[in-house]
Amino acid sequence: MWRRAAFAIYLFLLVFVLSAPLHAKDLPDFTDLVEKHSRAVVNISTVQTQQLDANHLFPEIPNIPEDSPFYEFFRRHMQPFSGPRKYESRSLGSGFIISKDGYVLTNAHVVESANEITVKLSDKREFSAKVIGADRKTDIALIKINADDLPVVTQGNPDQLKVGEWVIAIGAPFGFENTVTAGIVSAKGRSLAQENYVPFIQTDVAINPGNSGGPLFNMKGEVVGINSQIYSRTGGFMGLSFAIPIDMAMEIANQLKAYGKISRGKIGVLIQEMTEELAESFSLDKSRGALVASVERGGPADKAGIRTRDVILSFDGKNIDTSVDLPRIVGNTKPGTKVQVEVWRDGSIRKLMVVVGEMSGDEGAPVQKQSRSGDAASKLGLALKELSSDQKDQIGVDNGLLVEEVYDGIAGSAGIRPGDIVLGFNNQDIKSIKQFNKLLRDAKKGRNIALLIRRGDVTTFITIKLAE
């Protein structure tokens, strides 16, 4: 009897297990969403022309006497490789249309340094695109194609996203167009190393090279983020993907459209993370806030009375839960705004008023070199950045500009390298990028200028002849 009962239970369990696939209908159906909204997703291909000095790959002719039997061999086979060579590198990415007249949102790293940008629509039409502007700190770029009456995405609200809800990505991983992948929101407000300005949306949606710049949709068909990064030890998908919230991306896009660059606030402090041990030593109730490690002399924080060893607890009414919150909140504050800052000092909270300054440098400048025509330094083939007070102290200079990049141009040909410090222009000390650009614009064309360069412990003048 017990055998019959056991057999009946076994049959019941077998039928239950076999019927499980019937419940697949309870899983989300993405077909309508993809059909309605994939038309606004585009594929982006870029071409970058780079110059390579072949002498670095092939040695020069050795110093061999002309009467040597080896002289003719080396002359014939090695000389043709000398001199610069140009080659093209190509890359792929994704993007999505945000306006019917052809504005497309993507990642800055997708179009960075590109000489040619081609946008391919879902209906196979292709358009050349130009960069309106790009912001490297948030990895957002706005590009434009000449087309009308285009399909556009619907913007969602990332604040309403819940951890665990379904999301999908559409893009071109490895060049496979209109690829759809799905997953869930794994976390919100993630901070990544060297990415202090973006509270990333973490998902487990499969993202691979080529997906960068593509949209992240919620189940309503609204774009809630831009797929930007993955965490990987192999270069491929490992279950950790990160998207930039769409509301932040649109704020950046609006500034790029209006001004071509980003105006970002700063207060002039160097901060570090608060640990449990530090919180205890400062008599804080818990680990929170941003610990001020140093204050820029004469900067907004210095003028407001913020000191080293202060712990910034709130900025403009927004709590600073961790140190990474502060750069993002300050950076998103309009320069010139007067805000209240709460700091923890000597066991009590103090309220100070600070006038937010503007971050200097070309972080928000357009990426394409032809879009940087307003920057006189770029005509020399230079990307310059103003030195912070800490950098000046470390290098041992009172003024100067850091050479961040050297493009194809007369500055590189003259011998200027990335990492050099430009101290002077002819007989004038250089204190700002604005001053440098004015001196360069006022210089007579076809004449030589002398730049005082600091390289390591050596200071020397390098002359550059300006084009006619």
# chains A, B, ... in the order shown; residues from 1 in each chain; ligands from 1
call {"tool": "residues_around", "arguments": {"residues": "Gly133 of chain A", "least_positions_apart": "3", "cutoff": "6 Å", "atoms": "only C-alpha atoms", "output": "list in words"}}
result
Ala141, Leu142, Leu256, Gly260 and Pro366 of chain A
call {"tool": "closest_atom_pairs", "arguments": {"of": "segment 181-280 of chain A", "to": "segment 299-303 of chain A", "cutoff": "9 Å", "atoms": "only C-alpha atoms", "output": "Markdown table"}}
result
| residue | atom | partner | partner_atom | distance |
| --- | --- | --- | --- | --- |
| A:Lys266 | CA | A:Pro300 | CA | 7.9 |
| A:Ile267 | CA | A:Pro300 | CA | 4.9 |
| A:Gly268 | CA | A:Gly299 | CA | 5.4 |
| A:Val269 | CA | A:Ala301 | CA | 6.8 |
call {"tool": "closest_residue", "arguments": {"among": "A:His37, A:Arg297, A:Lys434, A:Arg125", "to": "Ile168 of chain A", "atoms": "only C-alpha atoms"}}
result
A:His37
call {"tool": "select_by_dssp", "arguments": {"residues": "segment 197-276 of chain A", "states": "strand (DSSP E)", "output": "number ranges by chain"}}
result
A: 197-203, 215-217, 222-230, 241-245, 265-266, 269-273
call {"tool": "write_last_selection", "arguments": {"atoms": "C-alpha atoms", "output": "short mmCIF file (atom, residue, chain, number, x, y, z; two decimals), in the first residue's frame"}}
result
data_model
loop_
_atom_site.label_atom_id
_atom_site.label_comp_id
_atom_site.auth_asym_id
_atom_site.auth_seq_id
_atom_site.Cartn_x
_atom_site.Cartn_y
_atom_site.Cartn_z
CA TYR A 197 30.44 63.15 -10.94
CA VAL A 198 28.05 60.32 -11.81
CA PRO A 199 25.75 58.30 -9.51
CA PHE A 200 25.68 55.21 -11.75
CA ILE A 201 22.79 52.79 -12.18
CA GLN A 202 24.20 49.29 -11.79
CA THR A 203 22.51 46.47 -13.73
CA PRO A 215 19.90 53.53 -24.06
CA LEU A 216 18.74 51.67 -20.96
CA PHE A 217 14.93 51.31 -21.02
CA GLU A 222 11.28 55.16 -21.17
CA VAL A 223 15.02 55.77 -21.31
CA VAL A 224 16.37 55.87 -17.75
CA GLY A 225 20.10 55.75 -18.49
CA ILE A 226 22.98 55.62 -20.97
CA ASN A 227 25.01 52.42 -20.91
CA SER A 228 28.56 53.57 -20.27
CA GLN A 229 30.84 51.07 -18.51
CA ILE A 230 31.29 47.47 -17.49
CA SER A 241 27.16 47.07 -16.04
CA PHE A 242 26.83 50.76 -15.28
CA ALA A 243 24.58 53.40 -16.83
CA ILE A 244 24.53 57.18 -16.48
CA PRO A 245 21.13 58.44 -15.23
CA GLY A 265 31.16 74.52 -9.89
CA LYS A 266 34.09 74.17 -7.50
CA VAL A 269 39.09 71.71 -1.37
CA LEU A 270 40.90 68.37 -1.42
CA ILE A 271 38.83 65.78 0.44
CA GLN A 272 39.14 62.20 1.61
CA GLU A 273 36.76 59.50 2.74
#
call {"tool": "closest_residue", "arguments": {"among": "A:Lys318, A:Lys162, A:Lys100, A:Lys188", "to": "Ile145 of chain A", "atoms": "only C-alpha atoms"}}
result
A:Lys100
call {"tool": "select_by_dssp", "arguments": {"residues": "segment 100-194 of chain A", "states": "helix (DSSP H, G or I)", "output": "tab-separated table (two decimals) with C-alpha atoms, in the first residue's frame"}}
result
chain	number	residue	atom	x	y	z
A	108	ALA	CA	32.11	60.99	-25.01
A	109	HIS	CA	34.59	58.13	-25.34
A	110	VAL	CA	32.70	56.82	-28.39
A	111	VAL	CA	33.44	59.95	-30.46
A	158	PRO	CA	15.73	57.38	-12.81
A	159	ASP	CA	14.69	58.39	-9.28
A	160	GLN	CA	11.64	56.14	-9.65
A	173	PRO	CA	27.82	45.01	-29.21
A	174	PHE	CA	30.80	43.98	-31.35
A	175	GLY	CA	29.00	45.63	-34.29
call {"tool": "closest_residue", "arguments": {"among": "A:Ser128, A:Leu121, A:Ala253, A:Asp247", "to": "Leu105 of chain A", "atoms": "only C-alpha atoms"}}
result
A:Ala253
call {"tool": "closest_residue", "arguments": {"among": "A:Val324, A:Val292, A:Ala450, A:Ala129", "to": "Arg190 of chain A", "atoms": "only C-alpha atoms"}}
result
A:Val324
call {"tool": "residues_around", "arguments": {"residues": "segment 417-423 of chain A", "least_positions_apart": "4", "cutoff": "12 Å", "atoms": "only C-alpha atoms", "output": "NGL selection string"}}
result
:A and (377 or 381-387 or 391-392 or 395-413 or 427-433 or 435-436 or 450-462)
call {"tool": "closest_residue", "arguments": {"among": "A:Val131, A:Leu380, A:Val153, A:Leu291", "to": "Lys220 of chain A", "atoms": "only C-alpha atoms"}}
result
A:Val153
call {"tool": "residues_around", "arguments": {"residues": "segment 330-339 of chain A", "least_positions_apart": "5", "cutoff": "10 Å", "atoms": "only C-alpha atoms", "output": "MDAnalysis selection string"}}
result
chainID A and resid 196:197 248 251:252 262:267 300 315:317 325 352:359
call {"tool": "write_last_selection", "arguments": {"atoms": "N, CA and C atoms", "output": "PDB file, in the first residue's frame"}}
result
ATOM      1  N   ASN A 196      33.777  60.736 -10.138  1.00  0.00           N
ATOM      2  CA  ASN A 196      33.150  61.366  -8.982  1.00  0.00           C
ATOM      3  C   ASN A 196      31.876  62.130  -9.301  1.00  0.00           C
ATOM      4  N   TYR A 197      31.541  62.276 -10.577  1.00  0.00           N
ATOM      5  CA  TYR A 197      30.442  63.155 -10.939  1.00  0.00           C
ATOM      6  C   TYR A 197      29.173  62.407 -11.343  1.00  0.00           C
ATOM      7  N   MET A 248      20.636  63.373 -15.517  1.00  0.00           N
ATOM      8  CA  MET A 248      21.946  64.023 -15.515  1.00  0.00           C
ATOM      9  C   MET A 248      22.452  64.193 -16.938  1.00  0.00           C
ATOM     10  N   GLU A 251      20.772  67.118 -18.660  1.00  0.00           N
ATOM     11  CA  GLU A 251      21.278  68.403 -18.178  1.00  0.00           C
ATOM     12  C   GLU A 251      22.589  68.751 -18.877  1.00  0.00           C
ATOM     13  N   ILE A 252      23.478  67.763 -18.999  1.00  0.00           N
ATOM     14  CA  ILE A 252      24.742  67.971 -19.699  1.00  0.00           C
ATOM     15  C   ILE A 252      24.481  68.297 -21.165  1.00  0.00           C
ATOM     16  N   ILE A 262      30.710  72.666 -20.658  1.00  0.00           N
ATOM     17  CA  ILE A 262      30.040  72.519 -19.372  1.00  0.00           C
ATOM     18  C   ILE A 262      30.611  73.513 -18.377  1.00  0.00           C
ATOM     19  N   SER A 263      29.722  74.219 -17.703  1.00  0.00           N
ATOM     20  CA  SER A 263      30.124  75.106 -16.609  1.00  0.00           C
ATOM     21  C   SER A 263      29.902  74.344 -15.313  1.00  0.00           C
ATOM     22  N   ARG A 264      30.988  74.044 -14.613  1.00  0.00           N
ATOM     23  CA  ARG A 264      30.911  73.188 -13.434  1.00  0.00           C
ATOM     24  C   ARG A 264      31.473  73.928 -12.222  1.00  0.00           C
ATOM     25  N   GLY A 265      30.770  73.806 -11.100  1.00  0.00           N
ATOM     26  CA  GLY A 265      31.159  74.522  -9.893  1.00  0.00           C
ATOM     27  C   GLY A 265      32.326  73.875  -9.164  1.00  0.00           C
ATOM     28  N   LYS A 266      33.029  74.689  -8.356  1.00  0.00           N
ATOM     29  CA  LYS A 266      34.091  74.167  -7.500  1.00  0.00           C
ATOM     30  C   LYS A 266      34.202  75.067  -6.275  1.00  0.00           C
ATOM     31  N   ILE A 267      34.745  74.520  -5.195  1.00  0.00           N
ATOM     32  CA  ILE A 267      34.962  75.336  -3.993  1.00  0.00           C
ATOM     33  C   ILE A 267      36.422  75.321  -3.567  1.00  0.00           C
ATOM     34  N   PRO A 300      37.206  79.646  -3.081  1.00  0.00           N
ATOM     35  CA  PRO A 300      35.905  79.901  -2.448  1.00  0.00           C
ATOM     36  C   PRO A 300      35.801  79.347  -1.034  1.00  0.00           C
ATOM     37  N   PHE A 315      25.775  70.378   1.894  1.00  0.00           N
ATOM     38  CA  PHE A 315      26.101  71.445   0.956  1.00  0.00           C
ATOM     39  C   PHE A 315      24.814  71.871   0.265  1.00  0.00           C
ATOM     40  N   ASP A 316      24.456  73.129   0.458  1.00  0.00           N
ATOM     41  CA  ASP A 316      23.227  73.680  -0.139  1.00  0.00           C
ATOM     42  C   ASP A 316      21.998  72.853   0.235  1.00  0.00           C
ATOM     43  N   GLY A 317      21.955  72.413   1.489  1.00  0.00           N
ATOM     44  CA  GLY A 317      20.810  71.661   1.976  1.00  0.00           C
ATOM     45  C   GLY A 317      20.822  70.192   1.637  1.00  0.00           C
ATOM     46  N   ASP A 325      29.940  62.138  -2.640  1.00  0.00           N
ATOM     47  CA  ASP A 325      28.760  62.956  -2.903  1.00  0.00           C
ATOM     48  C   ASP A 325      29.133  64.414  -3.158  1.00  0.00           C
ATOM     49  N   LEU A 352      28.448  77.853   7.370  1.00  0.00           N
ATOM     50  CA  LEU A 352      29.225  78.854   6.645  1.00  0.00           C
ATOM     51  C   LEU A 352      28.586  79.104   5.285  1.00  0.00           C
ATOM     52  N   MET A 353      28.794  80.298   4.752  1.00  0.00           N
ATOM     53  CA  MET A 353      28.288  80.649   3.417  1.00  0.00           C
ATOM     54  C   MET A 353      29.456  80.707   2.434  1.00  0.00           C
ATOM     55  N   VAL A 354      29.321  80.001   1.322  1.00  0.00           N
ATOM     56  CA  VAL A 354      30.376  79.956   0.315  1.00  0.00           C
ATOM     57  C   VAL A 354      29.803  80.325  -1.045  1.00  0.00           C
ATOM     58  N   VAL A 355      30.552  81.117  -1.791  1.00  0.00           N
ATOM     59  CA  VAL A 355      30.175  81.466  -3.157  1.00  0.00           C
ATOM     60  C   VAL A 355      30.910  80.507  -4.094  1.00  0.00           C
ATOM     61  N   VAL A 356      30.166  79.687  -4.806  1.00  0.00           N
ATOM     62  CA  VAL A 356      30.741  78.643  -5.641  1.00  0.00           C
ATOM     63  C   VAL A 356      31.522  79.256  -6.803  1.00  0.00           C
ATOM     64  N   GLY A 357      32.750  78.779  -7.003  1.00  0.00           N
ATOM     65  CA  GLY A 357      33.561  79.219  -8.126  1.00  0.00           C
ATOM     66  C   GLY A 357      33.317  78.347  -9.343  1.00  0.00           C
ATOM     67  N   GLU A 358      34.087  78.617 -10.398  1.00  0.00           N
ATOM     68  CA  GLU A 358      33.937  77.843 -11.631  1.00  0.00           C
ATOM     69  C   GLU A 358      35.194  77.026 -11.881  1.00  0.00           C
ATOM     70  N   MET A 359      35.003  75.765 -12.212  1.00  0.00           N
ATOM     71  CA  MET A 359      36.130  74.896 -12.503  1.00  0.00           C
ATOM     72  C   MET A 359      36.791  75.341 -13.798  1.00  0.00           C
TER      73      MET A 359
END
call {"tool": "residues_around", "arguments": {"residues": "Ile97 of chain A", "least_positions_apart": "4", "cutoff": "8 Å", "atoms": "only C-alpha atoms", "output": "PyMOL selection string"}}
result
chain A and resi 40-42+102-105+150-153
call {"tool": "write_last_selection", "arguments": {"atoms": "N, CA and C atoms", "output": "short mmCIF file (atom, residue, chain, number, x, y, z; two decimals), in the first residue's frame"}}
result
data_model
loop_
_atom_site.label_atom_id
_atom_site.label_comp_id
_atom_site.auth_asym_id
_atom_site.auth_seq_id
_atom_site.Cartn_x
_atom_site.Cartn_y
_atom_site.Cartn_z
N ALA A 40 14.51 54.51 -32.50
CA ALA A 40 15.24 55.72 -32.10
C ALA A 40 16.69 55.42 -31.68
N VAL A 41 17.07 54.15 -31.72
CA VAL A 41 18.43 53.76 -31.35
C VAL A 41 19.29 53.72 -32.62
N VAL A 42 20.51 54.25 -32.53
CA VAL A 42 21.38 54.33 -33.71
C VAL A 42 22.70 53.63 -33.44
N GLY A 102 17.49 65.74 -35.24
CA GLY A 102 18.74 65.06 -35.43
C GLY A 102 19.77 65.13 -34.33
N TYR A 103 19.41 65.55 -33.12
CA TYR A 103 20.36 65.53 -32.02
C TYR A 103 20.41 64.11 -31.42
N VAL A 104 21.63 63.61 -31.24
CA VAL A 104 21.85 62.23 -30.78
C VAL A 104 22.72 62.27 -29.54
N LEU A 105 22.35 61.48 -28.54
CA LEU A 105 23.11 61.39 -27.30
C LEU A 105 23.93 60.10 -27.31
N LEU A 150 12.56 62.61 -37.26
CA LEU A 150 13.14 61.34 -36.81
C LEU A 150 12.40 60.80 -35.59
N PRO A 151 12.42 59.49 -35.39
CA PRO A 151 11.84 58.92 -34.17
C PRO A 151 12.70 59.29 -32.96
N VAL A 152 12.08 59.57 -31.84
CA VAL A 152 12.81 59.98 -30.64
C VAL A 152 12.42 59.08 -29.46
N VAL A 153 13.30 59.05 -28.46
CA VAL A 153 13.02 58.28 -27.25
C VAL A 153 12.20 59.11 -26.28
#
call {"tool": "atom_distance", "arguments": {"atom1": "atom CA of Leu192 of chain A", "atom2": "atom CA of Ser232 of chain A"}}
result
13.3 Å
call {"tool": "residues_around", "arguments": {"residues": "Val205 of chain A", "least_positions_apart": "2", "cutoff": "9 Å", "atoms": "only C-alpha atoms", "output": "JSON, numbers by chain"}}
result
{"A": [167, 168, 169, 181, 182, 183, 184, 185, 202, 203, 207, 237, 239, 240, 241]}
